Structure formats: C-alpha cells, structure tokens
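Below: the structure, in structure tokens.
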Amino acid sequence: MIHETILREQLPEVFGQCDVPEDWRTDFDLVAIPDPEQDVESRTKEPGHPDPFFDALSETISGLRYPVAIEQGAMAQLVTLFGRVPRPGAPITAENDGCPPPPDALAFYLPFHYYPTWWGIYITVDGLLHLTEVFSTMGNHTFPRHHYGLAARFFLYAHEFYHYRIESLATRIEVTHRRPVYIDGFERHYRNTLNYSPTECLEEALANGYAYERLQLKLKNDPAFRDHMQAITLQYIKTSRPPYQRGHAFRTYAARKKGECLWVEDSHHETFPQLKKLKPTIWETGGSFSRGFGDIRSRIQYILPRPSMLKHRINLKP
Ligand SMILES: [Zn+2]
C-alpha cells in the first residue's frame, strides 16, 4: 500500500513493533479471497465465479452437520502469534459460555500499524464453516448451505473491515498531529473498556452493526434471503457475549454513526487529554473520517492450518 509506505517513511514513530517468527507460515496455508464484496448477492453461482477456493469448499459446506468443531489448537496458535495483547480485531479464542463464537474468534484483522508484511483480513476456514452452520441452524436450514456460507464469509469480512476503517481514521489524525494515535490512545481506550467495562467497548459492537447493515444492503436484490438473513444475523448478534452483543443497537446507519462519533471522541480524548473534550457530534462535521485509508483488496485471505483435515479434500493451489 503506497500510503502506508509514505507514512512509514515520514512518520516512523506512529508504528508499533510486533515480532512474528519468520517461519509462522510453515504451520498455515493462506489463500487469497479475490473480492468478498462481489459475489455475496449471487445465490446462484454464475460461470466464472470469482472465488475458486470457496467453490472447492462447497462440497464440504453442503455436507456440514452441526456442531462443527473449530480447530482450537490452531486458533490458540494464532492467538499466541497475533493476539497476546488485546487489540481491535486481534484473534481471540471461543469460550465455552453457551454463546456463539464472535467474529474475532473465527476471523481477525492485523493492523498495518503493527504488521508491515502481514497486515490485512484473515478468515479462518474452520471459523467460516462454523458460522455457516450456526447461520444455517438458526435459519432452520431453509436455504442451501452454500448461501449461508457466502453470507457468513461476508459478515466476517465486513466485521474485520470495520476495524480497518477505525485504523484509517486514527491514521488521518496522525497525519495532522504528527505523533502516535492508533497505537497510543485509540488502543488504550479499546483495552481499558474491554477490561473494565466490556459493554462500553463500542468498536466490537459497531463492527457487528456494520457487518449486519452491509450484508442487508448486499442482499437488497434478493428480498427473501435478505429478510431471512436479517433475522439470523440479529439473533447471532443478540446471543453473542459482550461487547459483541451490543451490535444490535448499532444496526442502522444513524445509530452507528452516533455510536462511532462517541467511540472516536472518547478515543481521541484518551490520546489528547490536554485538548478540550467536545460533543461527539463534532465528528459528523468532516464527512466520512473512517473511510478506508488505502486499498485492502489484495490483503483479504483464508487461513487454515497445514495439518487440517480439509486439506485432503480441497485441492490447494498457492
Ligand atoms: Zn472485532
């Protein structure tokens, strides 16, 4: 990403350090997701379907039976690699709390402020299969599993993309203030709320609200499936654990905008306590502060552990 290169050259102090062992890739396969925005609305597969890996998964998806075990060992390894410090979008482990696993236990986002080589969105294949079956079960298997699979993949992608949007917003503030913002107050505010008052950790709730609304918009030409998925994603969010559960309060654009302004003003205040605190509506004055900062399309990937059982069924092409 050219913008990231310029920033790194001129403002190296805004970047953080995260050491990842050089050889971590030997335990995982990565497969590019060509364009998760493109094909979610097409329930019937067209020739030239842009995601051959998803096609290859379809057979597995059709044969799914609940519950699908997430390979906890692999997720634990990813948490050790990328999630030791709680950060927005970092991988977390699913808990045995009776709640469906939240998006960050099935997919994750690595920010460019910490990972110059590996930043981007990762969707774990086990996580995708798991959420597919959660959706299918919540929907009484009304539609073919393939359709739930596309919806699950889009939901996970959109949730993680929201973390990228907030990182982009913090980056714009760095451009004007010439000092760390994302790795400073924004990260601290996330961690403080997550640790001491999880329902106030709005970024995760906002990310779920964003994913909910984006999926609804994507399915606008398919009202039957859209309405079906509306009920399912709402149930998924409402039955999740905090802070993800609160996403249902941010499922409209207006509510989310309000919540985002509050989250950003509080994060900004944590970064710059010497500046006067304003009403959150101040963030409505600049249009879309949280628009994506660069081009993330080449950085969206499936990730699966090398010893995965799936590997025997899917013809992986590097
Ligand atoms: Zn998240």
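Each chain in the structure tokens gets a letter, A, B and so on, in the order shown; residues start at 1 in every chain, and ligands are counted from 1 in the order they appear.
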
Inset, instruction - List all protein, DNA and RNA residues that have an atom no more than 10 Å from any atom of ligand 1, counting only C-alpha atoms and all ligand atoms, and report them as a PyMOL selection string. - result: chain A and resi 87-92+102-109+156+158-163+203-208+243-244

For those residues, write C-alpha atoms to a file as an mmCIF file, in the first residue's frame.
data_model
loop_
_atom_site.group_PDB
_atom_site.id
_atom_site.type_symbol
_atom_site.label_atom_id
_atom_site.label_comp_id
_atom_site.auth_asym_id
_atom_site.auth_seq_id
_atom_site.Cartn_x
_atom_site.Cartn_y
_atom_site.Cartn_z
ATOM 1 C CA ARG A 87 -6.299 -5.130 20.198
ATOM 2 C CA PRO A 88 -9.215 -4.310 17.898
ATOM 3 C CA GLY A 89 -9.710 -7.250 15.544
ATOM 4 C CA ALA A 90 -6.985 -9.418 17.114
ATOM 5 C CA PRO A 91 -7.717 -13.169 17.149
ATOM 6 C CA ILE A 92 -9.366 -14.484 20.314
ATOM 7 C CA PRO A 102 -17.824 -13.840 17.984
ATOM 8 C CA PRO A 103 -16.326 -12.848 14.617
ATOM 9 C CA ASP A 104 -12.827 -12.356 16.062
ATOM 10 C CA ALA A 105 -12.771 -15.998 17.180
ATOM 11 C CA LEU A 106 -13.442 -17.011 13.542
ATOM 12 C CA ALA A 107 -11.587 -14.308 11.610
ATOM 13 C CA PHE A 108 -9.205 -11.495 12.524
ATOM 14 C CA TYR A 109 -7.620 -8.248 11.397
ATOM 15 C CA LEU A 156 -16.856 -11.944 8.926
ATOM 16 C CA ALA A 158 -17.312 -6.791 6.960
ATOM 17 C CA HIS A 159 -16.754 -7.044 10.732
ATOM 18 C CA GLU A 160 -12.968 -7.122 10.271
ATOM 19 C CA PHE A 161 -13.128 -4.397 7.625
ATOM 20 C CA TYR A 162 -14.679 -2.111 10.226
ATOM 21 C CA HIS A 163 -11.524 -2.420 12.359
ATOM 22 C CA GLU A 203 -15.678 -0.824 18.467
ATOM 23 C CA GLU A 204 -16.693 -4.511 18.540
ATOM 24 C CA ALA A 205 -20.394 -3.653 18.795
ATOM 25 C CA LEU A 206 -20.070 -1.122 15.966
ATOM 26 C CA ALA A 207 -18.226 -3.669 13.825
ATOM 27 C CA ASN A 208 -21.097 -6.128 14.269
ATOM 28 C CA PRO A 243 -19.059 -6.437 23.751
ATOM 29 C CA TYR A 244 -20.244 -8.060 20.506
#

Legend entry - Exercise: Pro280 in chain A partners within 6 Å, only C-alpha atoms, chain neighbours under 4 positions left out, as a list in words: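 Answer for this query is Cys261, Leu262 and Glu265 of chain A.
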
Legend entry - Nearest to Leu169 in chain A, chosen from A:Gly286, A:Gly209, A:Gly73, A:Gly247, with only C-alpha atoms counted in the distances: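 Nearest candidate to Leu169 in chain A out of A:Gly286, A:Gly209, A:Gly73, A:Gly247: A:Gly286.
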
Inset, instruction - Identify, on the basis of only C-alpha atoms, every residue whose closest approach to Trp119 in chain A does not exceed 6 Å; exclude the query and any residue fewer than 5 positions from it along the same chain; express the result as JSON, numbers by chain. - result: {"A": [110, 111, 112]}

Inset, instruction - Provide the CA of Leu304 in chain A to CA of Met75 in chain A distance in Å, to one decimal place. - result: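 Interatomic distance here is 9.6 Å.
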
Legend entry - Residues of range 40-248 of chain A in alpha helix (DSSP H), written as a PyMOL selection string: chain A and resi 52-62+72-82+125-138+145-177+187-196+202-218+223-238

If you keep C-alpha atoms, can you produce a file of those selected residues as a CSV table (one decimal), in the first residue's frame?
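Now in again38.csv:
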chain,number,residue,atom,x,y,z
A,52,PRO,CA,-12.5,-20.9,-6.7
A,53,PHE,CA,-11.5,-21.8,-3.2
A,54,PHE,CA,-15.0,-21.2,-2.0
A,55,ASP,CA,-16.3,-23.4,-4.8
A,56,ALA,CA,-13.9,-26.1,-3.5
A,57,LEU,CA,-15.3,-25.6,-0.1
A,58,SER,CA,-18.8,-26.0,-1.3
A,59,GLU,CA,-18.8,-29.8,-1.1
A,60,THR,CA,-17.6,-29.6,2.5
A,61,ILE,CA,-20.2,-26.9,3.3
A,62,SER,CA,-23.0,-29.0,1.8
A,72,GLN,CA,-8.9,-24.8,18.9
A,73,GLY,CA,-5.3,-25.7,18.7
A,74,ALA,CA,-4.8,-23.7,15.5
A,75,MET,CA,-6.8,-20.8,16.9
A,76,ALA,CA,-4.8,-20.9,20.1
A,77,GLN,CA,-1.6,-20.8,18.0
A,78,LEU,CA,-2.9,-17.7,16.1
A,79,VAL,CA,-3.8,-16.1,19.4
A,80,THR,CA,-0.3,-16.7,20.6
A,81,LEU,CA,1.1,-15.3,17.4
A,82,PHE,CA,-1.1,-12.2,17.0
A,125,VAL,CA,-11.7,-21.8,7.2
A,126,ASP,CA,-12.9,-23.6,10.3
A,127,GLY,CA,-14.4,-20.4,11.5
A,128,LEU,CA,-16.2,-19.9,8.2
A,129,LEU,CA,-17.6,-23.4,8.3
A,130,HIS,CA,-18.6,-23.0,11.9
A,131,LEU,CA,-20.5,-19.7,11.3
A,132,THR,CA,-22.1,-21.2,8.1
A,133,GLU,CA,-23.6,-23.9,10.2
A,134,VAL,CA,-24.6,-21.5,13.0
A,135,PHE,CA,-26.5,-19.4,10.4
A,136,SER,CA,-28.0,-22.5,8.7
A,137,THR,CA,-29.2,-23.9,12.1
A,138,MET,CA,-30.7,-20.5,13.2
A,145,ARG,CA,-25.8,-24.2,3.0
A,146,HIS,CA,-23.8,-22.6,0.1
A,147,HIS,CA,-25.9,-19.5,0.6
A,148,TYR,CA,-25.3,-19.4,4.3
A,149,GLY,CA,-21.6,-19.8,3.6
A,150,LEU,CA,-21.5,-16.7,1.4
A,151,ALA,CA,-23.4,-14.7,3.9
A,152,ALA,CA,-21.1,-15.9,6.8
A,153,ARG,CA,-18.0,-15.1,4.8
A,154,PHE,CA,-19.3,-11.6,4.0
A,155,PHE,CA,-20.3,-11.0,7.6
A,156,LEU,CA,-16.9,-11.9,8.9
A,157,TYR,CA,-15.1,-9.9,6.2
A,158,ALA,CA,-17.3,-6.8,7.0
A,159,HIS,CA,-16.8,-7.0,10.7
A,160,GLU,CA,-13.0,-7.1,10.3
A,161,PHE,CA,-13.1,-4.4,7.6
A,162,TYR,CA,-14.7,-2.1,10.2
A,163,HIS,CA,-11.5,-2.4,12.4
A,164,TYR,CA,-9.6,-1.3,9.3
A,165,ARG,CA,-11.9,1.7,9.0
A,166,ILE,CA,-11.2,2.8,12.5
A,167,GLU,CA,-7.4,2.3,12.0
A,168,SER,CA,-7.8,4.5,8.9
A,169,LEU,CA,-9.5,7.2,10.9
A,170,ALA,CA,-6.7,7.2,13.5
A,171,THR,CA,-4.2,7.5,10.7
A,172,ARG,CA,-5.8,10.7,9.4
A,173,ILE,CA,-5.3,12.2,12.9
A,174,GLU,CA,-1.7,11.1,12.8
A,175,VAL,CA,-1.2,13.0,9.5
A,176,THR,CA,-2.2,16.2,11.1
A,177,HIS,CA,-0.8,15.7,14.7
A,187,GLU,CA,-5.5,1.2,21.6
A,188,ARG,CA,-5.6,2.1,25.2
A,189,HIS,CA,-9.2,3.2,25.1
A,190,TYR,CA,-10.1,-0.2,23.5
A,191,ARG,CA,-8.2,-2.2,26.1
A,192,ASN,CA,-9.5,-0.1,29.1
A,193,THR,CA,-13.1,-0.6,28.1
A,194,LEU,CA,-12.7,-4.2,27.2
A,195,ASN,CA,-11.0,-5.0,30.5
A,196,TYR,CA,-13.2,-2.9,32.8
A,202,LEU,CA,-18.0,0.0,21.3
A,203,GLU,CA,-15.7,-0.8,18.5
A,204,GLU,CA,-16.7,-4.5,18.5
A,205,ALA,CA,-20.4,-3.7,18.8
A,206,LEU,CA,-20.1,-1.1,16.0
A,207,ALA,CA,-18.2,-3.7,13.8
A,208,ASN,CA,-21.1,-6.1,14.3
A,209,GLY,CA,-23.7,-3.4,13.5
A,210,TYR,CA,-21.7,-2.5,10.4
A,211,ALA,CA,-21.5,-6.1,9.2
A,212,TYR,CA,-25.2,-6.6,9.8
A,213,GLU,CA,-26.1,-3.5,7.7
A,214,ARG,CA,-23.6,-4.2,4.9
A,215,LEU,CA,-25.0,-7.7,4.5
A,216,GLN,CA,-28.5,-6.3,4.3
A,217,LEU,CA,-27.5,-3.8,1.6
A,218,LYS,CA,-25.6,-6.5,-0.3
A,223,PRO,CA,-35.6,-9.8,-0.5
A,224,ALA,CA,-36.5,-13.4,0.6
A,225,PHE,CA,-32.9,-14.2,1.5
A,226,ARG,CA,-32.2,-10.7,2.8
A,227,ASP,CA,-35.1,-10.9,5.3
A,228,HIS,CA,-34.1,-14.4,6.3
A,229,MET,CA,-30.6,-13.3,7.0
A,230,GLN,CA,-31.8,-10.2,8.8
A,231,ALA,CA,-33.5,-12.4,11.4
A,232,ILE,CA,-30.5,-14.7,11.6
A,233,THR,CA,-27.7,-12.1,12.0
A,234,LEU,CA,-29.8,-10.3,14.6
A,235,GLN,CA,-30.2,-13.5,16.6
A,236,TYR,CA,-26.5,-14.2,16.2
A,237,ILE,CA,-25.5,-10.8,17.5
A,238,LYS,CA,-28.1,-10.7,20.3

Legend entry - Residue nearest Val40 in chain A among A:Arg297, A:Thr285, A:Asp266, A:Asp222 (counting only C-alpha atoms): A:Asp222

Inset, instruction - Go through A:Tyr115, A:Tyr182, A:Tyr302, A:Phe28 and flag the residue nearest Glu13 in chain A, using only C-alpha atoms for the distances. - result: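 Among the listed residues, the smallest separation from Glu13 in chain A belongs to A:Tyr182.
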